[in-house]
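This is run07.cif (mmCIF, C-alpha atoms and all ligand atoms).
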```
data_entry
#
loop_
_atom_site.label_atom_id
_atom_site.label_comp_id
_atom_site.auth_asym_id
_atom_site.auth_seq_id
_atom_site.Cartn_x
_atom_site.Cartn_y
_atom_site.Cartn_z
CA MET A 1 0.00 0.00 0.00
CA SER A 2 1.34 3.47 -0.86
CA LEU A 3 2.16 5.93 1.91
CA THR A 4 -0.71 8.12 0.67
CA ASP A 5 -3.24 5.30 0.90
CA ALA A 6 -1.88 4.27 4.33
CA THR A 7 -2.30 7.85 5.60
CA LEU A 8 -5.83 8.01 4.23
CA LYS A 9 -6.80 4.84 6.11
CA GLU A 10 -6.72 7.03 9.25
CA LYS A 11 -9.56 9.39 10.17
CA TYR A 12 -9.66 12.91 8.75
CA PRO A 13 -8.08 15.02 11.57
CA ALA A 14 -11.16 17.04 12.50
CA LYS A 15 -10.25 17.44 16.18
CA ALA A 16 -6.80 18.82 15.32
CA HIS A 17 -8.48 21.32 13.00
CA CYS A 18 -10.93 22.32 15.76
CA ARG A 19 -8.04 22.91 18.16
CA ARG A 20 -6.15 24.92 15.57
CA VAL A 21 -9.17 27.15 14.86
CA ALA A 22 -9.85 27.57 18.60
CA LYS A 23 -6.24 28.64 19.15
CA PHE A 24 -6.53 31.14 16.31
CA LEU A 25 -9.63 32.61 17.98
CA THR A 26 -8.14 32.81 21.46
CA ASP A 27 -4.81 34.17 20.11
CA ALA A 28 -6.90 36.92 18.50
CA GLY A 29 -8.27 37.78 21.97
CA PHE A 30 -11.65 36.05 21.79
CA PRO A 31 -12.91 34.10 24.86
CA HIS A 32 -11.60 30.59 25.43
CA ASP A 33 -14.78 29.45 27.18
CA GLY A 34 -16.76 29.23 23.93
CA VAL A 35 -18.44 26.79 21.58
CA ILE A 36 -17.95 26.62 17.82
CA TYR A 37 -21.19 25.88 16.00
CA LEU A 38 -21.38 24.92 12.32
CA GLU A 39 -23.98 23.53 9.93
CA ALA A 40 -23.43 21.27 6.94
CA GLN A 41 -24.82 22.25 3.58
CA LYS A 42 -28.58 21.62 3.40
CA THR A 43 -30.31 19.37 0.93
CA HIS A 44 -31.89 21.70 -1.65
CA MET A 45 -34.53 20.53 -4.07
CA VAL A 46 -34.46 21.35 -7.77
CA GLU A 47 -37.11 23.96 -8.51
CA ASP A 48 -40.43 22.43 -9.62
CA ASP A 49 -39.04 18.92 -9.36
CA ASP A 50 -38.71 16.17 -6.76
CA GLN A 51 -34.95 15.68 -7.09
CA ALA A 52 -32.24 17.06 -4.83
CA MET A 53 -29.80 19.48 -6.40
CA HIS A 54 -26.19 18.39 -6.81
CA PHE A 55 -24.70 18.38 -3.31
CA ARG A 56 -21.41 20.00 -2.37
CA GLN A 57 -20.41 19.96 1.30
CA ARG A 58 -19.68 23.28 2.99
CA ARG A 59 -15.93 23.53 3.34
CA TYR A 60 -16.07 25.18 6.80
CA PHE A 61 -18.13 22.27 8.07
CA PHE A 62 -15.95 19.62 6.46
CA TYR A 63 -12.75 21.15 7.87
CA LEU A 64 -14.01 20.71 11.42
CA SER A 65 -15.81 17.38 10.95
CA GLY A 66 -14.48 15.40 7.98
CA CYS A 67 -18.13 14.58 7.32
CA LYS A 68 -19.75 14.82 3.90
CA LEU A 69 -23.34 14.23 5.07
CA PRO A 70 -25.91 16.89 4.18
CA ASP A 71 -28.12 18.44 6.91
CA ALA A 72 -25.67 17.65 9.74
CA TYR A 73 -24.33 19.95 12.50
CA ILE A 74 -21.36 20.15 14.83
CA THR A 75 -20.56 21.76 18.14
CA TYR A 76 -17.01 22.03 19.44
CA ASN A 77 -16.69 22.95 23.09
CA ILE A 78 -13.33 24.72 23.28
CA PRO A 79 -12.40 24.39 27.00
CA GLN A 80 -13.69 20.82 27.25
CA ASP A 81 -12.19 19.87 23.84
CA ILE A 82 -15.37 17.96 22.91
CA LEU A 83 -16.47 17.66 19.29
CA THR A 84 -20.03 16.48 18.73
CA LEU A 85 -21.49 15.56 15.35
CA PHE A 86 -25.26 15.63 14.83
CA ILE A 87 -26.52 13.49 11.96
CA PRO A 88 -30.05 13.28 10.52
CA PRO A 89 -32.17 10.62 12.20
CA ILE A 90 -33.36 7.63 10.20
CA ASP A 91 -36.47 8.44 8.16
CA PRO A 92 -38.28 5.14 7.41
CA ASP A 93 -39.88 6.61 4.26
CA ASP A 94 -36.53 7.66 2.88
CA VAL A 95 -34.95 4.27 3.59
CA ILE A 96 -37.25 2.76 0.94
CA TRP A 97 -35.77 5.06 -1.72
CA SER A 98 -32.23 5.68 -0.54
CA GLY A 99 -31.33 2.72 1.64
CA LEU A 100 -30.09 2.95 5.22
CA PRO A 101 -28.27 6.17 6.16
CA GLU A 102 -25.10 6.17 8.26
CA SER A 103 -25.92 5.08 11.83
CA LYS A 104 -24.59 6.82 14.95
CA GLU A 105 -22.27 3.89 15.62
CA GLU A 106 -20.90 3.93 12.06
CA ALA A 107 -20.40 7.69 12.25
CA LEU A 108 -18.51 7.43 15.54
CA ARG A 109 -16.20 4.83 14.00
CA LYS A 110 -15.70 6.84 10.80
CA TYR A 111 -15.21 10.43 12.00
CA ASP A 112 -12.71 11.97 14.42
CA VAL A 113 -15.44 13.14 16.83
CA ASP A 114 -16.18 12.48 20.52
CA HIS A 115 -19.96 12.03 20.28
CA VAL A 116 -22.55 11.43 17.60
CA LEU A 117 -26.13 12.51 18.26
CA TYR A 118 -29.20 13.07 16.10
CA THR A 119 -29.95 16.52 14.73
CA ASN A 120 -33.04 16.91 16.92
CA GLU A 121 -30.66 17.10 19.90
CA VAL A 122 -28.73 20.19 18.77
CA ASN A 123 -30.69 22.81 20.71
CA ALA A 124 -30.64 20.78 23.92
CA THR A 125 -26.87 20.37 23.59
CA LEU A 126 -26.37 24.09 22.98
CA ALA A 127 -28.57 24.90 25.99
CA ALA A 128 -26.51 22.58 28.18
CA TYR A 129 -23.34 24.41 27.07
CA GLY A 130 -24.97 27.68 28.24
CA PRO A 131 -23.84 30.40 30.69
CA SER A 132 -22.36 28.37 33.53
CA LYS A 133 -19.97 26.56 31.16
CA SER A 134 -19.51 28.78 28.09
CA THR A 135 -19.98 32.47 27.56
CA THR A 136 -19.68 32.63 23.81
CA VAL A 137 -20.91 30.77 20.77
CA TYR A 138 -18.99 31.22 17.51
CA ALA A 139 -20.93 30.80 14.27
CA ILE A 140 -20.88 31.92 10.63
CA PRO A 141 -23.45 34.57 9.62
CA GLU A 142 -26.18 33.31 7.23
CA GLN A 143 -25.25 29.72 8.14
CA VAL A 144 -27.47 29.27 11.20
CA SER A 145 -30.93 27.71 10.73
CA ASP A 146 -34.01 29.55 12.01
CA HIS A 147 -34.85 26.86 14.55
CA ILE A 148 -31.44 27.03 16.27
CA THR A 149 -31.30 28.99 19.51
CA PHE A 150 -28.25 30.60 21.10
CA LEU A 151 -30.25 32.09 23.99
CA ALA A 152 -28.21 30.23 26.60
CA PHE A 153 -25.02 32.13 25.69
CA LYS A 154 -23.98 35.55 26.94
CA ALA A 155 -22.49 36.44 23.54
CA VAL A 156 -22.84 35.31 19.94
CA GLU A 157 -19.71 36.02 17.86
CA PHE A 158 -20.46 36.09 14.16
CA SER A 159 -17.35 37.95 13.06
CA PRO A 160 -14.18 35.87 13.64
CA LEU A 161 -14.98 32.22 12.86
CA LYS A 162 -14.99 32.33 9.06
CA THR A 163 -11.73 34.28 8.96
CA ALA A 164 -10.18 31.95 11.54
CA ILE A 165 -10.98 28.88 9.41
CA ASP A 166 -9.91 30.65 6.19
CA GLU A 167 -6.51 31.41 7.68
CA CYS A 168 -6.03 27.98 9.31
CA ARG A 169 -6.75 26.29 5.97
CA VAL A 170 -3.63 27.81 4.35
CA VAL A 171 -1.13 25.49 6.07
CA LYS A 172 -1.98 21.86 5.36
CA ASP A 173 -1.29 18.88 7.61
CA SER A 174 0.01 15.55 6.35
CA TYR A 175 -3.51 14.14 5.96
CA GLU A 176 -4.56 17.05 3.76
CA ILE A 177 -1.37 16.69 1.71
CA ALA A 178 -2.23 13.01 1.22
CA LEU A 179 -5.72 13.97 -0.01
CA ILE A 180 -4.32 16.52 -2.47
CA ARG A 181 -1.72 13.97 -3.59
CA LYS A 182 -4.48 11.39 -4.14
CA ALA A 183 -6.53 13.92 -6.15
CA ASN A 184 -3.39 14.53 -8.21
CA GLU A 185 -2.71 10.82 -8.73
CA ILE A 186 -6.23 10.24 -10.07
CA SER A 187 -6.08 13.41 -12.17
CA THR A 188 -2.81 12.26 -13.69
CA ILE A 189 -4.35 8.97 -14.82
CA ALA A 190 -7.22 11.00 -16.29
CA HIS A 191 -4.90 13.50 -18.01
CA VAL A 192 -3.02 10.63 -19.61
CA ALA A 193 -6.32 9.07 -20.75
CA ALA A 194 -7.47 12.38 -22.25
CA ALA A 195 -4.13 12.91 -24.02
CA LYS A 196 -4.44 9.41 -25.45
CA ALA A 197 -8.01 10.13 -26.56
CA VAL A 198 -6.74 13.04 -28.70
CA ARG A 199 -5.25 10.51 -31.13
CA THR A 200 -8.72 9.50 -32.31
CA ALA A 201 -10.96 12.29 -31.01
CA THR A 202 -12.69 14.66 -33.40
CA ASN A 203 -14.15 17.05 -30.83
CA GLU A 204 -13.07 18.70 -27.53
CA GLN A 205 -15.95 16.99 -25.74
CA GLU A 206 -14.32 13.59 -26.14
CA LEU A 207 -11.39 14.82 -24.06
CA MET A 208 -13.72 15.98 -21.34
CA GLY A 209 -15.51 12.64 -21.46
CA ALA A 210 -12.21 10.76 -21.17
CA PHE A 211 -11.03 12.94 -18.28
CA VAL A 212 -14.22 12.92 -16.19
CA GLY A 213 -14.98 9.26 -16.88
CA THR A 214 -11.48 8.20 -15.84
CA CYS A 215 -11.70 10.22 -12.61
CA ILE A 216 -14.96 8.53 -11.68
CA SER A 217 -13.62 5.07 -12.54
CA HIS A 218 -10.74 5.72 -10.13
CA GLY A 219 -12.88 6.84 -7.20
CA ALA A 220 -13.06 10.62 -7.69
CA HIS A 221 -16.75 11.23 -8.28
CA GLU A 222 -16.49 15.03 -8.26
CA GLN A 223 -14.48 17.48 -10.29
CA ALA A 224 -12.52 20.23 -8.56
CA TYR A 225 -13.78 22.67 -11.20
CA HIS A 226 -15.32 22.67 -14.66
CA SER A 227 -12.68 21.18 -16.99
CA ILE A 228 -11.14 23.44 -19.60
CA CYS A 229 -10.71 21.32 -22.75
CA ALA A 230 -9.69 23.97 -25.25
CA SER A 231 -8.27 23.62 -28.73
CA GLY A 232 -6.75 26.07 -31.21
CA THR A 233 -7.33 29.76 -30.50
CA SER A 234 -9.73 28.83 -27.65
CA CYS A 235 -6.58 27.97 -25.66
CA SER A 236 -6.30 31.72 -25.13
CA THR A 237 -9.60 31.84 -23.19
CA LEU A 238 -8.47 31.42 -19.60
CA HIS A 239 -11.64 29.76 -18.31
CA TYR A 240 -12.95 28.27 -21.57
CA ILE A 241 -15.92 26.04 -20.71
CA ARG A 242 -17.65 25.21 -24.00
CA ASN A 243 -15.57 22.09 -24.63
CA ASP A 244 -17.62 21.29 -27.73
CA GLN A 245 -15.59 22.36 -30.75
CA PRO A 246 -14.24 20.13 -33.56
CA LEU A 247 -10.50 19.49 -33.43
CA LYS A 248 -10.08 19.62 -37.21
CA GLU A 249 -7.32 22.03 -38.25
CA ARG A 250 -6.54 23.03 -34.66
CA LEU A 251 -2.92 23.04 -33.59
CA ASN A 252 -2.93 22.57 -29.83
CA ILE A 253 -4.94 21.35 -26.87
CA LEU A 254 -4.92 23.09 -23.51
CA LEU A 255 -6.33 20.71 -20.92
CA ASP A 256 -6.85 22.26 -17.47
CA ALA A 257 -8.67 19.69 -15.36
CA GLY A 258 -8.52 18.27 -11.85
CA ALA A 259 -10.35 15.71 -9.77
CA GLU A 260 -11.75 16.33 -6.32
CA TYR A 261 -11.08 13.55 -3.82
CA GLU A 262 -12.86 13.59 -0.44
CA CYS A 263 -13.38 17.36 -0.76
CA TYR A 264 -9.75 18.08 -1.74
CA CYS A 265 -8.69 19.32 -5.17
CA ALA A 266 -6.12 18.89 -7.86
CA ASP A 267 -5.61 21.61 -10.46
CA ILE A 268 -3.43 20.59 -13.40
CA THR A 269 -2.86 22.04 -16.87
CA ARG A 270 -1.04 20.49 -19.78
CA THR A 271 -0.71 21.83 -23.34
CA PHE A 272 0.14 19.55 -26.23
CA PRO A 273 -0.13 19.36 -30.04
CA VAL A 274 -3.16 17.68 -31.64
CA SER A 275 -0.93 16.09 -34.30
CA GLY A 276 1.68 14.84 -31.84
CA THR A 277 4.26 17.40 -33.00
CA PHE A 278 4.37 21.10 -32.18
CA THR A 279 4.83 23.63 -34.98
CA PRO A 280 8.02 25.69 -34.52
CA GLU A 281 5.96 28.62 -33.15
CA SER A 282 4.09 26.41 -30.66
CA GLN A 283 7.35 24.81 -29.57
CA THR A 284 8.90 28.26 -29.02
CA ILE A 285 6.04 29.35 -26.76
CA TYR A 286 5.91 26.00 -24.95
CA ASP A 287 9.63 26.23 -24.19
CA ILE A 288 9.25 29.75 -22.78
CA VAL A 289 6.38 28.70 -20.50
CA ASP A 290 8.28 25.61 -19.41
CA GLU A 291 11.27 27.80 -18.54
CA MET A 292 8.98 30.24 -16.67
CA GLN A 293 7.76 27.37 -14.51
CA SER A 294 11.13 25.77 -13.81
CA SER A 295 12.69 29.14 -13.04
CA CYS A 296 9.87 29.93 -10.57
CA PHE A 297 10.24 26.50 -8.91
CA LYS A 298 13.82 27.43 -8.00
CA LEU A 299 12.58 30.37 -5.90
CA LEU A 300 10.13 28.35 -3.80
CA ARG A 301 10.63 27.95 -0.05
CA GLY A 302 8.75 28.84 3.13
CA GLY A 303 8.21 32.60 3.43
CA VAL A 304 8.83 33.41 -0.24
CA ARG A 305 7.04 36.58 -1.35
CA TRP A 306 4.58 35.47 -4.03
CA GLU A 307 4.83 38.77 -5.90
CA ASP A 308 8.55 38.06 -6.39
CA VAL A 309 7.85 34.66 -7.96
CA HIS A 310 5.13 36.14 -10.16
CA GLU A 311 7.49 38.94 -11.29
CA ASN A 312 10.12 36.33 -12.09
CA ALA A 313 7.67 34.54 -14.41
CA HIS A 314 7.12 37.82 -16.26
CA ARG A 315 10.86 38.47 -16.58
CA VAL A 316 11.44 35.01 -18.09
CA ALA A 317 8.46 35.55 -20.43
CA ILE A 318 9.86 38.90 -21.59
CA LYS A 319 13.28 37.40 -22.27
CA GLY A 320 11.73 34.53 -24.24
CA LEU A 321 9.31 36.68 -26.22
CA LYS A 322 12.17 39.02 -27.12
CA LYS A 323 14.29 36.10 -28.28
CA ALA A 324 11.35 34.91 -30.39
CA GLY A 325 11.17 38.38 -31.95
CA ILE A 326 7.63 39.09 -30.77
CA LEU A 327 8.74 41.78 -28.31
CA ILE A 328 11.32 44.43 -29.10
CA GLY A 329 13.07 46.94 -26.86
CA ASP A 330 14.63 47.11 -23.42
CA GLU A 331 13.60 44.24 -21.09
CA GLN A 332 13.34 46.43 -17.98
CA GLU A 333 11.29 49.00 -19.87
CA ILE A 334 8.96 46.27 -21.19
CA PHE A 335 8.59 44.98 -17.63
CA ASP A 336 7.97 48.44 -16.15
CA LYS A 337 5.36 49.28 -18.81
CA ARG A 338 3.54 46.01 -17.97
CA VAL A 339 3.65 44.93 -21.64
CA SER A 340 3.98 41.24 -20.69
CA VAL A 341 0.67 41.40 -18.77
CA ALA A 342 -1.10 41.33 -22.14
CA PHE A 343 0.51 37.92 -22.77
CA MET A 344 0.04 36.54 -19.21
CA PRO A 345 -3.00 38.36 -17.81
CA HIS A 346 -3.57 36.04 -14.85
CA GLY A 347 -1.64 35.46 -11.63
CA LEU A 348 1.09 32.84 -11.35
CA GLY A 349 -0.94 30.68 -8.98
CA HIS A 350 -3.33 30.33 -6.09
CA TYR A 351 -3.66 28.33 -2.90
CA LEU A 352 -5.17 24.88 -3.41
CA GLY A 353 -7.05 22.76 -0.91
CA MET A 354 -10.74 22.10 -0.36
CA ASP A 355 -11.42 24.84 -2.89
CA THR A 356 -9.54 25.10 -6.17
CA HIS A 357 -8.93 28.77 -5.43
CA ASP A 358 -8.42 28.13 -1.74
CA THR A 359 -8.83 30.57 1.12
CA GLY A 360 -6.33 32.87 2.80
CA GLY A 361 -4.66 34.33 -0.31
CA HIS A 362 -5.66 37.97 0.31
CA ALA A 363 -6.01 38.87 -3.37
CA ASN A 364 -6.44 42.54 -4.16
CA TYR A 365 -8.62 42.70 -7.25
CA GLU A 366 -8.70 46.50 -6.87
CA ASP A 367 -4.93 46.77 -7.28
CA PRO A 368 -4.37 49.51 -9.90
CA ASP A 369 -1.15 47.75 -10.96
CA GLN A 370 -2.29 45.39 -13.74
CA MET A 371 0.58 43.00 -13.04
CA PHE A 372 -0.81 42.10 -9.61
CA LYS A 373 -4.54 42.67 -10.04
CA TYR A 374 -5.36 39.00 -10.58
CA LEU A 375 -2.68 37.56 -8.32
CA ARG A 376 -4.73 35.41 -5.94
CA VAL A 377 -2.01 35.13 -3.31
CA ARG A 378 -0.31 38.23 -1.94
CA GLY A 379 2.60 38.43 0.47
CA GLN A 380 4.57 35.60 2.00
CA VAL A 381 3.71 31.95 1.35
CA PRO A 382 4.22 29.92 4.53
CA ALA A 383 5.82 26.48 4.64
CA GLY A 384 3.01 23.92 4.55
CA ALA A 385 0.88 25.79 2.02
CA VAL A 386 -0.09 24.16 -1.28
CA ILE A 387 0.00 26.54 -4.22
CA THR A 388 -0.31 26.17 -7.98
CA VAL A 389 2.50 27.29 -10.26
CA GLU A 390 0.79 27.96 -13.57
CA PRO A 391 2.59 30.31 -15.94
CA GLY A 392 1.09 30.86 -19.36
CA ILE A 393 1.48 32.83 -22.56
CA TYR A 394 -1.64 33.58 -24.60
CA PHE A 395 -2.41 35.17 -27.93
CA CYS A 396 -5.82 36.53 -27.06
CA GLU A 397 -7.25 38.85 -29.69
CA PHE A 398 -9.54 40.49 -27.11
CA ILE A 399 -6.52 41.61 -25.11
CA LEU A 400 -3.81 42.12 -27.74
CA ASN A 401 -5.79 43.90 -30.48
CA PRO A 402 -7.05 46.74 -28.22
CA ALA A 403 -3.58 46.94 -26.62
CA LEU A 404 -1.97 47.31 -30.06
CA GLU A 405 -4.06 50.45 -30.64
CA ASP A 406 -1.98 52.11 -27.91
CA PRO A 407 1.32 53.40 -29.32
CA GLU A 408 2.92 52.90 -25.88
CA PHE A 409 2.26 49.15 -26.19
CA ASN A 410 2.53 48.87 -29.94
CA LYS A 411 6.13 50.07 -30.07
CA TYR A 412 7.31 47.02 -28.13
CA VAL A 413 5.67 44.48 -30.48
CA ASP A 414 6.77 43.26 -33.90
CA LYS A 415 3.40 42.71 -35.59
CA ALA A 416 4.80 40.70 -38.47
CA VAL A 417 6.27 38.19 -36.04
CA LEU A 418 3.22 38.27 -33.74
CA ASN A 419 0.98 37.41 -36.70
CA LYS A 420 2.68 34.02 -37.01
CA TYR A 421 1.63 33.12 -33.45
CA TRP A 422 -2.16 33.63 -33.30
CA THR A 423 -2.90 29.99 -34.13
CA VAL A 424 -0.78 28.81 -31.20
CA GLY A 425 -3.70 30.06 -29.08
CA GLY A 426 -2.13 29.78 -25.65
CA VAL A 427 0.12 27.61 -23.56
CA ARG A 428 -0.24 27.02 -19.83
CA ILE A 429 1.59 24.49 -17.66
CA GLU A 430 0.28 24.04 -14.13
CA ASP A 431 1.49 21.92 -11.21
CA ASP A 432 0.47 21.83 -7.54
CA VAL A 433 3.34 22.28 -5.12
CA HIS A 434 3.73 21.85 -1.39
CA ILE A 435 5.88 24.62 0.04
CA LEU A 436 8.57 23.37 2.43
CA GLU A 437 10.83 25.33 4.80
CA GLU A 438 13.63 24.85 2.29
CA GLY A 439 12.30 24.32 -1.21
CA TYR A 440 9.14 22.57 -2.30
CA GLU A 441 7.65 19.24 -3.23
CA ASN A 442 5.78 18.88 -6.52
CA LEU A 443 2.54 16.96 -5.87
CA THR A 444 1.75 16.69 -9.60
CA ASN A 445 3.39 13.91 -11.56
CA THR A 446 1.37 14.32 -14.74
CA PRO A 447 3.74 13.77 -17.70
CA LYS A 448 5.02 16.84 -19.49
CA LEU A 449 6.22 17.01 -23.08
N1 LIG B 1 -7.88 25.73 -13.04
C1 LIG B 1 -8.50 26.97 -13.20
C2 LIG B 1 -7.94 28.08 -12.41
O1 LIG B 1 -6.98 27.94 -11.71
O2 LIG B 1 -8.50 29.17 -12.43
MN MN B 2 -5.18 26.93 -11.25
#
```

Would you mind writing the file out in structure tokens?
Amino acid sequence: MSLTDATLKEKYPAKAHCRRVAKFLTDAGFPHDGVIYLEAQKTHMVEDDDQAMHFRQRRYFFYLSGCKLPDAYITYNIPQDILTLFIPPIDPDDVIWSGLPESKEEALRKYDVDHVLYTNEVNATLAAYGPSKSTTVYAIPEQVSDHITFLAFKAVEFSPLKTAIDECRVVKDSYEIALIRKANEISTIAHVAAAKAVRTATNEQELMGAFVGTCISHGAHEQAYHSICASGTSCSTLHYIRNDQPLKERLNILLDAGAEYECYCADITRTFPVSGTFTPESQTIYDIVDEMQSSCFKLLRGGVRWEDVHENAHRVAIKGLKKAGILIGDEQEIFDKRVSVAFMPHGLGHYLGMDTHDTGGHANYEDPDQMFKYLRVRGQVPAGAVITVEPGIYFCEFILNPALEDPEFNKYVDKAVLNKYWTVGGVRIEDDVHILEEGYENLTNTPKL
């Protein structure tokens, strides 16, 4: 059995996460004698139909419970260090349609919790945790059902809990790393299957079918995000979702797809030629992006400033685009004028965890500096974080054509050379890395060209 699978045989470390969040709260000056209260995502019915909508567990709830059941609740008593999970009671009518739900005994064996009760016992439990034992209940605004009562507590704190969990989620423990690694392992098998499917496929949708089908066959029933199966000039659309175009006469495929495994994500991009061989122009751009990524890898370690790594990607891109003859002029001037942003409009990467764009990155989408506007992580990246490294170069007519109207941009571009590159579309290469005190560990082993 692999180390990953052996780790995942253990329980999801919900209690450790509760303690970590409680410490964050008390370090921020909030009372220690409190109770954390969270609700799972509810079952929602499809409008005008008798089916439940597709279910996705609330990440805040999962982080502190490891439980994917809908309509459940938890309380975590901070001073007593007691985590209680409340699961829906057995509904005999529903058993006929859905089979037996998880029992209390099964839940106690499966989850890292101290007690399992039924959901009709939540209010009584909260009341018992009232004034003599706890002064404060911590909850997330808009995520407390109408029938829940906090009357027994002196104070209800709605402000710090969400932020506390968001920040705690940045640094992953070994169990979370194993989950992300597993999501990557399955995604790699699926990427290879999709790349193989290109040999006979006639339409983008066959790649999506190969990817998603392979994930499900290997135990990942959910996708981390909507796959991007782009071909030709569509490779320049960052979040292309149509995935329905014929592959005929298209040069390249950009496949950005990742499985979700037990609520944890992979996010992987590979770009490759439809024919099996890149044209010289595609190869030139692929080599630049590859160099952008490997050069950025060398800077990774605990505490690295993400803006510095992102800037480095731009500097490598500028050097490469100059060598290709697409850009002309002084490299520093091109960098200072933000010319390369038109070729790589997105940020170098984002935190990855239970969400594909995970919490705690402190993006500043209002940043007037175009180079950093879409950078989803700002400031220092701590050891233990998982972050994507996803440089790209795109030939997007919606960005480049308006930019070329501006003489201050235009003077740095050789249009005759640029015109040879439109059909490349775009190249992105994306891996998921675990930041270590000294260096990093690449969690993505999807083959590269
Ligand atoms: N994989 C899509 C993104 O990172 O936005
Ligand atoms: Mn990504």

Range 412-424 of chain A environment, 9 Å, all atoms listed in the file, sequence neighbours closer than 6 positions dropped, as a ChimeraX atom specification: /A:232-233,235-236,250-252,279,281-282,285,324-330,334,339,394-397,404

Find the distance between CA of Ala40 in chain A and CA of Gln143 in chain A and write it in Å to one decimal.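 So the answer is 8.7 Å.
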
For the atom pair CA of Tyr175 in chain A and CA of Ser65 in chain A, what is the interatomic distance in Å to one decimal place?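 Answer for the CA of Tyr175 in chain A to CA of Ser65 in chain A separation: 13.7 Å.
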
What do you get as a list in words if you pick all residues at most 9 Å from ligand MN 2 (chain B), counting all atoms listed in the file? Asp256, Ala266, Asp267, Ile268, Thr269, Leu348, Gly349, His350, Tyr351, Leu352, Thr356, His357, Ile387, Thr388, Val389, Glu390, Glu430, Asp431 and Asp432 of chain A

Between CA of Gln223 in chain A and CA of Cys18 in chain A, measure the distance and give it in Å to one decimal.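 For CA of Gln223 in chain A relative to CA of Cys18 in chain A, the distance reads 26.7 Å.
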
Of A:Val316, A:Leu83, A:Met344, A:Leu108, the one sitting nearest Ile393 in chain A when using only C-alpha atoms is A:Met344

What lies within 12 Å of Gly213 in chain A using all atoms listed in the file, ignoring chain neighbours under 2 positions off, as a PyMOL selection string? chain A and resi 186-187+189-191+193-194+197+205-211+215-223+259

Using the incomplete input, complete range 75-86 of chain A to the level of N, CA and C atoms; output as a PDB file, keeping the file's coordinate frame.
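Saved the output as result08.pdb:
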```pdb
ATOM      1  N   THR A  75     -20.956  20.797  17.111  1.00  0.00           N
ATOM      2  CA  THR A  75     -20.560  21.760  18.140  1.00  0.00           C
ATOM      3  C   THR A  75     -19.175  21.324  18.607  1.00  0.00           C
ATOM      4  N   TYR A  76     -18.324  22.320  18.851  1.00  0.00           N
ATOM      5  CA  TYR A  76     -17.010  22.030  19.440  1.00  0.00           C
ATOM      6  C   TYR A  76     -16.861  22.903  20.676  1.00  0.00           C
ATOM      7  N   ASN A  77     -16.855  22.246  21.825  1.00  0.00           N
ATOM      8  CA  ASN A  77     -16.690  22.950  23.090  1.00  0.00           C
ATOM      9  C   ASN A  77     -15.194  23.169  23.319  1.00  0.00           C
ATOM     10  N   ILE A  78     -14.770  24.418  23.272  1.00  0.00           N
ATOM     11  CA  ILE A  78     -13.330  24.720  23.280  1.00  0.00           C
ATOM     12  C   ILE A  78     -12.662  24.301  24.604  1.00  0.00           C
ATOM     13  N   PRO A  79     -13.135  24.762  25.766  1.00  0.00           N
ATOM     14  CA  PRO A  79     -12.400  24.390  27.000  1.00  0.00           C
ATOM     15  C   PRO A  79     -12.457  22.900  27.295  1.00  0.00           C
ATOM     16  N   GLN A  80     -13.584  22.256  26.967  1.00  0.00           N
ATOM     17  CA  GLN A  80     -13.690  20.820  27.250  1.00  0.00           C
ATOM     18  C   GLN A  80     -13.084  19.959  26.138  1.00  0.00           C
ATOM     19  N   ASP A  81     -12.772  20.573  24.984  1.00  0.00           N
ATOM     20  CA  ASP A  81     -12.190  19.870  23.840  1.00  0.00           C
ATOM     21  C   ASP A  81     -13.105  18.704  23.414  1.00  0.00           C
ATOM     22  N   ILE A  82     -14.398  19.003  23.293  1.00  0.00           N
ATOM     23  CA  ILE A  82     -15.370  17.960  22.910  1.00  0.00           C
ATOM     24  C   ILE A  82     -16.026  18.340  21.583  1.00  0.00           C
ATOM     25  N   LEU A  83     -15.866  17.449  20.615  1.00  0.00           N
ATOM     26  CA  LEU A  83     -16.470  17.660  19.290  1.00  0.00           C
ATOM     27  C   LEU A  83     -17.659  16.713  19.135  1.00  0.00           C
ATOM     28  N   THR A  84     -18.810  17.286  18.868  1.00  0.00           N
ATOM     29  CA  THR A  84     -20.030  16.480  18.730  1.00  0.00           C
ATOM     30  C   THR A  84     -20.595  16.665  17.323  1.00  0.00           C
ATOM     31  N   LEU A  85     -20.875  15.546  16.689  1.00  0.00           N
ATOM     32  CA  LEU A  85     -21.490  15.560  15.350  1.00  0.00           C
ATOM     33  C   LEU A  85     -22.952  15.168  15.481  1.00  0.00           C
ATOM     34  N   PHE A  86     -23.820  15.923  14.822  1.00  0.00           N
ATOM     35  CA  PHE A  86     -25.260  15.630  14.830  1.00  0.00           C
ATOM     36  C   PHE A  86     -25.661  15.199  13.425  1.00  0.00           C
TER      37      PHE A  86
END
```
